[in-house]
$ cat target07.cif   # mmCIF, C-alpha atoms
data_my_file
#
loop_
_atom_site.label_atom_id
_atom_site.label_comp_id
_atom_site.auth_asym_id
_atom_site.auth_seq_id
_atom_site.Cartn_x
_atom_site.Cartn_y
_atom_site.Cartn_z
CA MET A 10 153.76 59.45 125.01
CA VAL A 11 155.40 60.92 121.93
CA ARG A 12 152.49 59.73 119.79
CA GLN A 13 150.01 61.27 122.22
CA PHE A 14 151.90 64.56 122.07
CA ALA A 15 152.00 64.43 118.26
CA ARG A 16 148.26 63.79 118.20
CA ARG A 17 147.67 66.80 120.43
CA ILE A 18 149.81 68.98 118.17
CA ALA A 19 147.91 67.69 115.13
CA SER A 20 144.52 68.46 116.65
CA ALA A 21 145.74 71.89 117.75
CA MET A 22 146.84 72.54 114.16
CA ILE A 23 143.45 71.52 112.80
CA ALA A 24 141.73 73.83 115.27
CA THR A 25 144.07 76.68 114.34
CA SER A 26 143.44 76.25 110.63
CA LEU A 27 139.70 76.26 111.30
CA LEU A 28 139.92 79.50 113.22
CA ALA A 29 142.20 81.18 110.71
CA SER A 30 140.18 80.37 107.62
CA GLY A 31 136.64 80.94 108.92
CA VAL A 32 134.74 83.23 106.58
CA ALA A 33 131.05 82.46 106.53
CA TRP A 34 131.26 81.33 110.11
CA ALA A 35 131.62 82.40 113.70
CA HIS A 36 130.48 85.90 114.57
CA HIS A 37 129.98 87.60 111.23
CA SER A 38 127.97 89.77 108.89
CA PHE A 39 125.15 88.11 106.93
CA ALA A 40 125.99 89.94 103.69
CA MET A 41 127.00 86.72 101.94
CA PHE A 42 123.32 85.81 101.83
CA ASP A 43 121.02 87.22 99.16
CA PHE A 44 118.14 88.82 101.04
CA THR A 45 116.32 89.62 97.79
CA ARG A 46 115.77 85.90 97.15
CA LEU A 47 113.99 83.12 98.99
CA VAL A 48 114.49 79.39 98.46
CA THR A 49 112.30 76.60 99.84
CA ILE A 50 113.92 73.32 100.84
CA LYS A 51 111.63 70.35 101.58
CA GLY A 52 113.24 67.47 103.39
CA THR A 53 114.18 66.15 106.81
CA VAL A 54 116.15 67.65 109.68
CA LYS A 55 119.66 66.23 109.78
CA GLU A 56 121.04 68.09 112.80
CA PHE A 57 120.24 71.18 114.85
CA GLN A 58 123.47 72.72 116.19
CA TRP A 59 122.39 74.94 119.10
CA ALA A 60 125.60 76.83 119.90
CA ASN A 61 127.14 80.30 119.86
CA PRO A 62 127.68 82.48 118.04
CA HIS A 63 125.30 81.29 115.30
CA VAL A 64 122.88 78.38 115.53
CA ILE A 65 122.89 76.13 112.45
CA LEU A 66 120.09 73.91 111.17
CA TRP A 67 121.04 71.16 108.70
CA VAL A 68 118.37 69.81 106.34
CA GLU A 69 118.57 66.89 103.91
CA PRO A 70 116.46 67.69 100.85
CA GLU A 71 114.11 65.10 99.41
CA ALA A 72 115.72 62.84 96.82
CA LYS A 73 115.19 63.93 93.23
CA ASP A 74 115.21 61.39 90.38
CA GLY A 75 116.65 58.85 92.80
CA GLU A 76 119.60 61.11 93.65
CA LYS A 77 120.14 62.44 97.12
CA PRO A 78 121.14 66.13 97.00
CA ALA A 79 123.74 67.55 99.41
CA PRO A 80 122.46 68.81 102.79
CA TRP A 81 121.63 72.51 103.16
CA PHE A 82 122.48 74.63 106.16
CA ALA A 83 120.38 77.46 107.50
CA GLU A 84 122.23 79.91 109.69
CA LEU A 85 120.54 81.75 112.55
CA THR A 86 121.39 84.22 115.31
CA SER A 87 122.71 83.14 118.74
CA PRO A 88 120.99 80.78 121.21
CA GLY A 89 120.48 83.74 123.57
CA ASN A 90 118.63 85.81 120.98
CA LEU A 91 116.59 82.80 119.83
CA THR A 92 115.64 81.97 123.43
CA ARG A 93 114.13 85.45 123.69
CA VAL A 94 111.88 84.85 120.69
CA GLY A 95 110.66 81.57 122.14
CA TRP A 96 113.08 78.98 120.77
CA ASP A 97 115.10 76.31 122.56
CA LYS A 98 117.49 73.55 121.59
CA ARG A 99 114.58 71.12 121.21
CA ALA A 100 112.95 73.17 118.42
CA PHE A 101 114.05 70.58 115.81
CA LYS A 102 114.91 66.91 116.04
CA GLY A 103 116.84 64.80 113.55
CA GLY A 104 114.52 62.97 111.16
CA GLN A 105 111.61 65.45 111.41
CA ARG A 106 110.01 66.43 108.13
CA ILE A 107 110.57 70.12 107.47
CA GLU A 108 109.84 72.86 104.97
CA LEU A 109 112.63 75.41 105.21
CA LEU A 110 112.59 78.93 103.79
CA ILE A 111 115.99 80.63 103.46
CA HIS A 112 117.77 83.54 101.86
CA PRO A 113 120.37 81.59 99.86
CA LEU A 114 124.13 82.11 99.73
CA ARG A 115 124.98 84.42 96.84
CA ASP A 116 127.64 82.03 95.57
CA GLY A 117 125.07 79.31 94.87
CA LYS A 118 126.35 76.92 97.54
CA SER A 119 123.90 74.87 99.63
CA GLY A 120 123.28 77.23 102.50
CA GLY A 121 121.39 80.31 103.52
CA ALA A 122 120.12 82.63 106.20
CA PHE A 123 117.12 81.22 108.04
CA LYS A 124 113.78 82.88 107.29
CA GLN A 125 111.14 80.38 108.40
CA ALA A 126 110.61 76.69 109.03
CA THR A 127 107.38 74.71 109.05
CA LEU A 128 107.05 71.26 110.58
CA PRO A 129 104.23 69.63 108.55
CA GLU A 130 103.49 66.97 111.20
CA SER A 131 102.67 69.46 113.97
CA GLY A 132 101.93 72.51 111.82
CA LYS A 133 104.40 74.47 113.98
CA VAL A 134 105.97 77.48 112.23
CA TRP A 135 109.31 78.84 113.50
CA VAL A 136 110.41 82.37 112.69
CA SER A 137 113.29 84.44 114.02
CA ASP A 138 113.28 88.21 113.82
CA LEU A 139 115.38 90.21 116.27
CA ARG A 140 113.51 93.37 115.32
CA GLN A 141 110.63 91.86 117.34
CA GLN A 142 112.68 92.74 120.44
CA GLU A 143 112.85 96.44 119.75
CA LYS A 144 110.46 97.58 122.45
CA PRO A 145 110.48 97.28 126.23
CA GLY A 146 108.33 95.11 128.48
CA LEU A 147 107.81 92.21 126.04
CA LYS A 148 105.91 89.15 127.34
CA MET B 24 139.63 104.56 148.93
CA VAL B 25 142.22 107.29 149.35
CA LEU B 26 139.57 109.99 149.09
CA THR B 27 137.45 108.65 151.94
CA ARG B 28 140.50 108.47 154.13
CA GLN B 29 141.78 111.94 153.32
CA ARG B 30 138.52 113.85 153.51
CA PRO B 31 135.93 111.84 155.38
CA GLY B 32 132.40 112.86 154.61
CA THR B 33 133.09 114.64 151.32
CA TYR B 34 132.94 111.59 149.09
CA LYS B 35 131.21 108.32 149.52
CA ARG B 36 131.39 105.59 146.95
CA ASP B 37 128.37 104.89 144.74
CA MET B 38 126.88 108.32 145.53
CA PRO B 39 126.53 111.31 143.26
CA CYS B 40 129.69 113.28 144.03
CA PRO B 41 130.29 117.00 144.46
CA GLY B 42 131.62 118.99 141.53
CA ILE B 43 135.15 119.38 142.85
CA ILE B 44 135.54 115.65 142.97
CA ARG B 45 134.30 115.13 139.42
CA SER B 46 137.70 115.79 137.97
CA LEU B 47 138.69 112.70 139.86
CA PRO B 48 141.66 111.18 138.06
CA LEU B 49 144.02 114.15 138.46
CA LEU B 50 142.91 115.10 141.94
CA THR B 51 143.06 111.54 143.16
CA LEU B 52 146.41 111.01 141.54
CA GLY B 53 147.68 114.09 143.37
CA LEU B 54 146.32 112.94 146.70
CA GLY B 55 147.64 109.46 145.97
CA LEU B 56 151.12 110.85 145.41
CA LEU B 57 150.89 112.75 148.70
CA ALA B 58 149.76 109.57 150.39
CA THR B 59 152.62 107.52 149.01
CA SER B 60 155.10 109.98 150.48
CA SER B 61 153.50 109.70 153.90
CA SER B 62 152.77 106.87 156.28
CA PHE B 63 150.49 105.22 153.70
CA ALA B 64 153.48 104.40 151.53
CA ASP B 65 153.53 100.67 152.24
CA GLU B 66 149.79 100.21 152.57
CA PRO B 67 148.35 98.08 149.79
CA ALA B 68 145.17 99.34 148.11
CA LEU B 69 142.32 97.27 149.49
CA ASN B 70 138.83 96.42 148.33
CA LYS B 71 137.22 97.15 151.68
CA ALA B 72 134.41 94.96 152.98
CA PRO B 73 131.11 96.69 152.21
CA THR B 74 129.11 98.05 155.11
CA VAL B 75 125.35 98.04 155.57
CA ALA B 76 125.44 101.74 154.71
CA ASP B 77 127.16 100.90 151.40
CA TRP B 78 124.35 98.49 150.49
CA ILE B 79 121.70 101.01 151.55
CA ARG B 80 123.30 103.66 149.30
CA LEU B 81 122.94 101.29 146.33
CA SER B 82 119.18 101.17 146.91
CA LYS B 83 119.00 104.93 146.23
CA LEU B 84 120.49 104.53 142.73
CA PRO B 85 118.22 104.39 139.66
CA ASP B 86 116.71 100.98 138.94
CA TRP B 87 118.62 99.42 136.05
CA SER B 88 117.50 95.85 136.77
CA GLY B 89 116.22 93.53 134.06
CA VAL B 90 117.68 92.51 130.73
CA TRP B 91 118.49 95.18 128.14
CA THR B 92 118.04 94.34 124.44
CA PRO B 93 119.77 96.61 121.92
CA ASN B 94 117.88 98.77 119.45
CA ILE B 95 119.50 97.31 116.32
CA SER B 96 117.50 99.43 113.87
CA ASP B 97 118.75 102.56 115.62
CA GLN B 98 122.35 101.26 115.58
CA ASN B 99 122.10 101.06 111.79
CA ALA B 100 120.30 104.39 111.44
CA GLN B 101 122.89 106.21 113.57
CA ILE B 102 125.69 105.27 111.20
CA LYS B 103 123.87 107.13 108.43
CA THR B 104 122.49 110.10 110.39
CA ASN B 105 125.55 110.62 112.60
CA PRO B 106 128.49 109.39 110.53
CA VAL B 107 131.81 108.54 112.13
CA PRO B 108 134.45 111.29 111.66
CA TRP B 109 137.04 108.88 110.24
CA LYS B 110 140.41 110.31 109.19
CA PRO B 111 140.43 110.60 105.38
CA GLU B 112 142.87 107.72 104.90
CA VAL B 113 140.77 105.53 107.20
CA GLU B 114 137.55 106.54 105.49
CA ALA B 115 138.87 105.13 102.21
CA ARG B 116 139.32 101.75 103.89
CA ILE B 117 135.87 101.98 105.54
CA ASN B 118 134.25 102.77 102.17
CA GLN B 119 136.02 99.79 100.64
CA LEU B 120 134.81 97.46 103.43
CA THR B 121 131.27 98.85 103.12
CA ALA B 122 131.28 98.26 99.36
CA GLU B 123 132.60 94.73 99.80
CA GLU B 124 129.86 93.95 102.31
CA LYS B 125 127.23 95.42 100.00
CA ALA B 126 128.55 93.21 97.20
CA GLY B 127 128.09 90.14 99.38
CA ARG B 128 131.75 89.69 100.31
CA PRO B 129 131.82 90.76 103.98
CA LYS B 130 135.19 90.82 105.70
CA GLY B 131 134.82 88.93 108.96
CA LEU B 132 136.11 91.16 111.76
CA PHE B 133 135.03 88.90 114.62
CA VAL B 134 135.22 85.42 113.08
CA ASP B 135 138.00 84.43 115.47
CA CYS B 136 135.67 84.71 118.48
CA LEU B 137 137.78 87.41 120.13
CA PRO B 138 135.52 89.88 121.96
CA GLU B 139 134.01 92.81 120.10
CA ALA B 140 135.68 94.84 122.86
CA MET B 141 135.11 98.45 123.89
CA PRO B 142 133.44 100.45 122.52
CA SER B 143 132.25 98.14 119.68
CA TRP B 144 130.28 95.97 122.12
CA MET B 145 128.17 98.98 123.02
CA LEU B 146 127.98 100.16 119.37
CA ILE B 147 127.07 97.10 117.30
CA SER B 148 126.07 94.14 119.47
CA HIS B 149 122.84 92.31 118.64
CA ASN B 150 122.93 90.58 122.01
CA ALA B 151 121.37 91.54 125.33
CA LEU B 152 123.17 92.67 128.48
CA GLU B 153 122.43 93.06 132.17
CA ILE B 154 123.89 95.46 134.71
CA LEU B 155 124.70 94.70 138.34
CA PHE B 156 125.28 97.24 141.12
CA THR B 157 127.44 96.15 144.05
CA PRO B 158 129.28 98.41 146.50
CA GLY B 159 132.09 100.17 144.68
CA ARG B 160 131.30 98.58 141.33
CA VAL B 161 128.98 98.48 138.36
CA THR B 162 129.27 95.34 136.23
CA PHE B 163 128.00 94.89 132.68
CA LEU B 164 127.41 91.28 131.70
CA GLY B 165 126.76 90.32 128.11
CA GLU B 166 126.61 87.15 126.12
CA ALA B 167 128.12 85.75 122.90
CA ASP B 168 131.86 86.26 123.38
CA GLY B 169 132.15 83.98 126.39
CA ASN B 170 133.87 86.62 128.50
CA ARG B 171 131.88 89.69 127.63
CA LEU B 172 131.90 91.77 130.78
CA ARG B 173 132.86 95.23 131.93
CA ARG B 174 133.97 96.05 135.46
CA ILE B 175 133.41 99.73 136.19
CA TYR B 176 134.94 100.80 139.49
CA THR B 177 132.81 103.35 141.34
CA ASP B 178 134.86 103.29 144.56
CA GLY B 179 136.74 106.49 143.76
CA ARG B 180 139.95 104.91 142.53
CA PRO B 181 141.79 106.54 139.62
CA HIS B 182 142.95 104.78 136.47
CA PRO B 183 146.33 103.11 136.88
CA PRO B 184 149.00 105.37 135.33
CA ASP B 185 149.74 102.82 132.60
CA PRO B 186 147.12 100.06 132.61
CA ASP B 187 147.81 96.73 130.94
CA PRO B 188 145.68 96.88 127.77
CA SER B 189 142.65 94.61 127.69
CA PHE B 190 139.63 94.09 125.45
CA HIS B 191 137.32 96.16 127.62
CA GLY B 192 139.95 98.48 129.05
CA HIS B 193 140.09 100.00 132.53
CA SER B 194 136.87 101.76 133.54
CA ILE B 195 136.12 104.07 136.43
CA GLY B 196 132.72 105.60 137.02
CA HIS B 197 130.84 108.00 139.21
CA TRP B 198 127.23 109.09 139.50
CA GLU B 199 126.12 112.56 138.48
CA GLY B 200 122.54 112.57 139.69
CA LYS B 201 120.85 109.66 137.91
CA THR B 202 123.60 109.36 135.27
CA LEU B 203 126.56 107.01 135.51
CA VAL B 204 129.62 108.67 133.97
CA VAL B 205 132.19 106.11 132.85
CA ASP B 206 135.73 106.80 131.74
CA THR B 207 137.55 104.02 129.89
CA ILE B 208 141.19 103.79 128.80
CA GLY B 209 143.65 100.93 128.28
CA VAL B 210 141.87 99.18 125.41
CA LEU B 211 143.98 96.90 123.22
CA PRO B 212 145.01 98.79 120.04
CA GLN B 213 144.28 95.67 117.96
CA THR B 214 140.56 95.73 118.77
CA TYR B 215 138.22 97.07 116.11
CA LEU B 216 136.40 100.35 116.20
CA ALA B 217 133.50 98.91 114.24
CA VAL B 218 130.24 100.19 112.82
CA GLY B 219 129.14 96.72 111.72
CA GLU B 220 130.29 93.12 111.84
CA ALA B 221 132.19 93.61 108.59
CA VAL B 222 133.09 97.31 108.72
CA GLY B 223 135.69 98.66 111.12
CA VAL B 224 139.41 99.25 111.69
CA PRO B 225 141.80 98.55 114.57
CA ASN B 226 141.70 101.51 116.97
CA ASN B 227 145.54 101.56 116.92
CA GLY B 228 145.89 102.81 120.50
CA ASP B 229 145.27 105.79 122.79
CA LEU B 230 141.53 105.08 122.74
CA HIS B 231 139.50 106.99 125.32
CA VAL B 232 135.78 106.55 125.83
CA VAL B 233 133.56 108.66 128.06
CA GLU B 234 130.01 107.43 128.51
CA ARG B 235 127.00 109.01 130.18
CA ILE B 236 124.58 106.17 130.84
CA HIS B 237 121.07 106.94 132.02
CA LEU B 238 117.41 106.01 131.72
CA LEU B 239 116.16 107.94 128.70
CA SER B 240 113.70 110.09 130.66
CA ASP B 241 111.30 109.89 133.59
CA LYS B 242 108.63 108.90 131.06
CA ASP B 243 110.82 106.36 129.23
CA ARG B 244 112.22 104.51 132.23
CA ASP B 245 112.41 101.24 130.27
CA ILE B 246 114.86 102.64 127.73
CA LEU B 247 118.53 102.95 128.67
CA ALA B 248 120.65 105.45 126.76
CA ASP B 249 124.43 105.27 126.47
CA ASP B 250 125.78 108.62 125.26
CA LEU B 251 129.31 107.84 124.09
CA GLU B 252 132.15 110.19 123.28
CA ILE B 253 134.88 108.20 121.56
CA THR B 254 138.35 109.64 121.14
CA ALA B 255 140.59 107.54 118.90
CA PRO B 256 143.33 109.87 117.63
CA HIS B 257 144.87 107.35 115.21
CA VAL B 258 141.67 106.68 113.26
CA LEU B 259 139.26 109.54 114.00
CA SER B 260 139.75 113.18 112.97
CA LYS B 261 137.81 114.34 116.05
CA PRO B 262 135.92 112.72 118.94
CA TRP B 263 132.76 110.93 117.83
CA LYS B 264 129.62 111.48 119.88
CA THR B 265 126.90 108.91 119.43
CA THR B 266 124.11 107.29 121.42
CA ARG B 267 122.98 103.71 121.72
CA LEU B 268 119.61 102.62 123.12
CA TYR B 269 118.54 99.47 124.96
CA PHE B 270 115.05 98.20 125.87
CA ARG B 271 114.28 96.76 129.29
CA GLN B 272 112.79 93.27 129.41
CA ARG B 273 111.48 91.71 132.61
CA ALA B 274 109.98 88.45 131.31
CA GLN B 275 112.25 85.62 132.46
CA LYS B 276 112.50 84.22 128.96
CA TYR B 277 114.73 87.25 128.24
CA ASP B 278 117.30 86.24 130.87
CA ILE B 279 120.89 86.26 129.66
CA VAL B 280 122.18 82.82 128.70
CA GLU B 281 125.74 81.55 128.57
CA GLY B 282 127.43 82.48 125.31
CA VAL B 283 130.67 80.65 124.58
CA CYS B 284 131.56 81.78 121.07
CA LEU B 285 133.97 78.92 120.31
CA GLN B 286 131.30 76.33 121.11
CA GLY B 287 129.95 76.85 117.60
CA TYR B 288 133.12 75.35 116.17
CA PHE B 289 132.34 71.99 117.77
CA ALA B 290 129.65 69.37 117.28
CA GLU B 291 128.31 67.28 120.17
CA ARG B 292 129.24 63.66 119.60
CA LYS B 293 129.92 60.39 121.49
CA ASP B 294 133.31 58.67 121.48
CA ALA B 295 133.83 54.92 121.19
CA SER B 296 133.39 54.54 124.97
CA GLY B 297 130.12 56.45 124.98
CA ASN B 298 131.58 59.64 126.48
CA ALA B 299 129.91 62.89 125.47
CA ILE B 300 132.59 64.88 123.63
CA PHE B 301 133.06 67.93 121.45
CA VAL B 302 134.42 67.30 117.95
CA PRO B 303 135.69 70.15 115.74
CA ILE B 304 133.34 70.85 112.84
CA PRO B 305 135.32 70.66 109.60
CA GLN B 306 135.08 73.49 107.16
CA THR B 307 134.76 73.45 103.39
CA ALA B 308 137.33 75.23 101.24
CA ASP B 309 134.95 78.17 100.70
CA GLY B 310 134.74 78.82 104.43
CA ASN B 311 131.36 77.28 105.17
CA PRO B 312 130.78 74.60 107.81
CA ALA B 313 130.87 71.10 106.36
CA ALA B 314 127.71 69.02 106.65
CA PRO B 315 127.54 66.62 109.58
CA PRO B 316 128.16 62.97 108.69
#
$ encode --input "target07.cif" --output "structure tokens"
Amino acid sequence: MVRQFARRIASAMIATSLLASGVAWAHHSFAMFDFTRLVTIKGTVKEFQWANPHVILWVEPEAKDGEKPAPWFAELTSPGNLTRVGWDKRAFKGGQRIELLIHPLRDGKSGGAFKQATLPESGKVWVSDLRQQEKPGLK
Amino acid sequence: MVLTRQRPGTYKRDMPCPGIIRSLPLLTLGLGLLATSSSFADEPALNKAPTVADWIRLSKLPDWSGVWTPNISDQNAQIKTNPVPWKPEVEARINQLTAEEKAGRPKGLFVDCLPEAMPSWMLISHNALEILFTPGRVTFLGEADGNRLRRIYTDGRPHPPDPDPSFHGHSIGHWEGKTLVVDTIGVLPQTYLAVGEAVGVPNNGDLHVVERIHLLSDKDRDILADDLEITAPHVLSKPWKTTRLYFRQRAQKYDIVEGVCLQGYFAERKDASGNAIFVPIPQTADGNPAAPP
């Protein structure tokens, strides 16, 4: 009982520290990304996290010189906004080959703001631009 | 519904009301005080069951159905063309936050998943909303904060004398022709008056927002305009008047979806017994989400 309680306290503390320290996360400005630059990542989809407030796509880059680089994340808008431009949670599946175009983090870390993704097997191209919604009566 | 009881026929809920009744809060408060000293003293305020006539009256209101997507480009343009009259000491802080964001170091105002609150929801949201009319009430439903909704009472009630502060405050509304006039007080002083996701300050209390919400014109019936007048005496040197625009969408793919902000802090996993569970996503020291295993 005591151990269970302690475990609950511990997990509550982890959650609290996550919430308190979040910077490039949750509901935020995208200014940490460099919109003057574009980076292409070729690899495979690791995970597609379809959740509020920002959807995240994880990609494992192709191995270079036998070494496996760290995964990259591409951050997007919310599931609601993406649904309106024709996306859903099945847009990407783990293991799919992908060519990802992102505006990279300014600090050089392995992440960026999503610009475009191409799935070579199907030829499908995914883009996300909220400005597309700035008129009434869209189909 | 004190007014209906006192002067039957002069005011009906959800209808455009005569000029004398437009200064509702004071008048109603006065009548309310009279009522409390009479036989109504022990009568609790009731949300009366709507009548068929109440529902019919709703059908005469302007059509605000559909999903409304914000004009984000105009949100950004308004900040430049119609700048906020910040108090000088606040403006220094705003300039600092703006410079930090420009330099790629945005301060996260909403990273804790607390609601953007009033009036920032109306000012800066990138997410859609929908509006429901029911007898005695207009309800704004949004997405992204998990509990993003505004209840606007149109049944003629006044504000409580000292409302418990909340993220969206206490709102009462009435119709002036085809315009819904909404008066909001009681917003938590800790909530941000924001002009962007990284630029804003706590409103620090005594916030008062008056909105005139209407379809832009008879020609532009698929654009909704919210003309806001924001009074925030602790951070603004004078009331700020600004307008936000929304576009009507009718295609079902635009329907509002559930938006639980905190869900993004958890990954979907299976436990040892095969149960579907949420697991907190760890974070790297620089504040980015750690890669999944």
$ atom_distance --input "target07.cif" --atom1 "CA of Asp245 (chain B)" --atom2 "CA of Ala274 (chain B)"
13.1 Å
$ residues_around --input "target07.cif" --residues "Phe270 (chain B)" --least-positions-apart "4" --cutoff "8 Å" --atoms "all atoms listed in the file" --output "MDAnalysis selection string"
(chainID A and resid 143:146) or (chainID B and resid 90:94 245:247)
$ write_last_selection --input "target07.cif" --atoms "C-alpha atoms" --output "PDB file, in the frame of the given file"
ATOM      1  CA  GLU A 143     112.850  96.440 119.750  1.00  0.00           C
ATOM      2  CA  LYS A 144     110.460  97.580 122.450  1.00  0.00           C
ATOM      3  CA  PRO A 145     110.480  97.280 126.230  1.00  0.00           C
ATOM      4  CA  GLY A 146     108.330  95.110 128.480  1.00  0.00           C
TER       5      GLY A 146
ATOM      6  CA  VAL B  90     117.680  92.510 130.730  1.00  0.00           C
ATOM      7  CA  TRP B  91     118.490  95.180 128.140  1.00  0.00           C
ATOM      8  CA  THR B  92     118.040  94.340 124.440  1.00  0.00           C
ATOM      9  CA  PRO B  93     119.770  96.610 121.920  1.00  0.00           C
ATOM     10  CA  ASN B  94     117.880  98.770 119.450  1.00  0.00           C
ATOM     11  CA  ASP B 245     112.410 101.240 130.270  1.00  0.00           C
ATOM     12  CA  ILE B 246     114.860 102.640 127.730  1.00  0.00           C
ATOM     13  CA  LEU B 247     118.530 102.950 128.670  1.00  0.00           C
TER      14      LEU B 247
END
$ axis_aligned_box --input "target07.cif" --around "region 70-88 of chain A" --padding-each-side "4 Å" --output "AutoDock Vina command-line options"
--center_x 118.9 --center_y 71.5 --center_z 105.8 --size_x 17.6 --size_y 33.4 --size_z 38.8
$ interface_residues --input "target07.cif" --of "chain B" --to "chain A" --cutoff "6 Å" --atoms "only C-alpha atoms" --output "PyMOL selection string"
chain B and resi 94+124+127-129+131+133-135+167+220-221+245+270-272+274+276-277+280+282-284+286-287+310-311
$ resolve_selection --input "target07.cif" --expression "the PyMOL selection byres ((chain B and resi 145-149) around 10)" --output "ChimeraX atom specification"
/A:86-87,90,139-140 /B:92-95,98-99,101-102,139-144,150-152,165-167,216-220,249,251,265-269
$ atom_distance --input "target07.cif" --atom1 "CA of Trp78 (chain B)" --atom2 "CA of Pro181 (chain B)"
22.1 Å
$ resolve_selection --input "target07.cif" --expression "the PyMOL selection byres ((chain A and resi 100-104) around 6)" --output "list of chain:residue names"
A:Thr53, A:Val54, A:Lys55, A:Glu56, A:Asp97, A:Lys98, A:Arg99, A:Gln105
$ build_atoms --input "target07.cif" --residues "region 254-270 of chain B" --atoms "N, CA and C atoms" --output "short mmCIF file (atom, residue, chain, number, x, y, z; two decimals), in the frame of the given file"
data_model
loop_
_atom_site.label_atom_id
_atom_site.label_comp_id
_atom_site.auth_asym_id
_atom_site.auth_seq_id
_atom_site.Cartn_x
_atom_site.Cartn_y
_atom_site.Cartn_z
N THR B 254 137.15 108.97 121.65
CA THR B 254 138.35 109.64 121.14
C THR B 254 139.33 108.55 120.71
N ALA B 255 139.67 108.55 119.44
CA ALA B 255 140.59 107.54 118.90
C ALA B 255 141.51 108.26 117.91
N PRO B 256 142.56 108.92 118.44
CA PRO B 256 143.33 109.87 117.63
C PRO B 256 144.01 109.27 116.41
N HIS B 257 144.19 107.94 116.37
CA HIS B 257 144.87 107.35 115.21
C HIS B 257 143.92 107.03 114.06
N VAL B 258 142.62 107.02 114.34
CA VAL B 258 141.67 106.68 113.26
C VAL B 258 140.55 107.71 113.09
N LEU B 259 140.31 108.53 114.10
CA LEU B 259 139.26 109.54 114.00
C LEU B 259 139.87 110.93 113.90
N SER B 260 139.23 111.81 113.11
CA SER B 260 139.75 113.18 112.97
C SER B 260 139.32 114.05 114.15
N LYS B 261 138.26 113.64 114.84
CA LYS B 261 137.81 114.34 116.05
C LYS B 261 136.99 113.34 116.87
N PRO B 262 136.73 113.66 118.15
CA PRO B 262 135.92 112.72 118.94
C PRO B 262 134.55 112.51 118.30
N TRP B 263 134.07 111.28 118.40
CA TRP B 263 132.76 110.93 117.83
C TRP B 263 131.75 110.78 118.95
N LYS B 264 130.69 111.58 118.89
CA LYS B 264 129.62 111.48 119.88
C LYS B 264 128.45 110.73 119.26
N THR B 265 128.01 109.70 119.95
CA THR B 265 126.90 108.91 119.43
C THR B 265 126.16 108.28 120.60
N THR B 266 124.94 107.87 120.35
CA THR B 266 124.11 107.29 121.42
C THR B 266 123.62 105.92 121.01
N ARG B 267 123.58 105.01 121.97
CA ARG B 267 122.98 103.71 121.72
C ARG B 267 121.86 103.47 122.74
N LEU B 268 120.80 102.81 122.28
CA LEU B 268 119.61 102.62 123.12
C LEU B 268 119.36 101.13 123.38
N TYR B 269 118.86 100.84 124.56
CA TYR B 269 118.54 99.47 124.96
C TYR B 269 117.14 99.44 125.59
N PHE B 270 116.41 98.34 125.33
CA PHE B 270 115.05 98.20 125.87
C PHE B 270 115.05 97.24 127.05
#
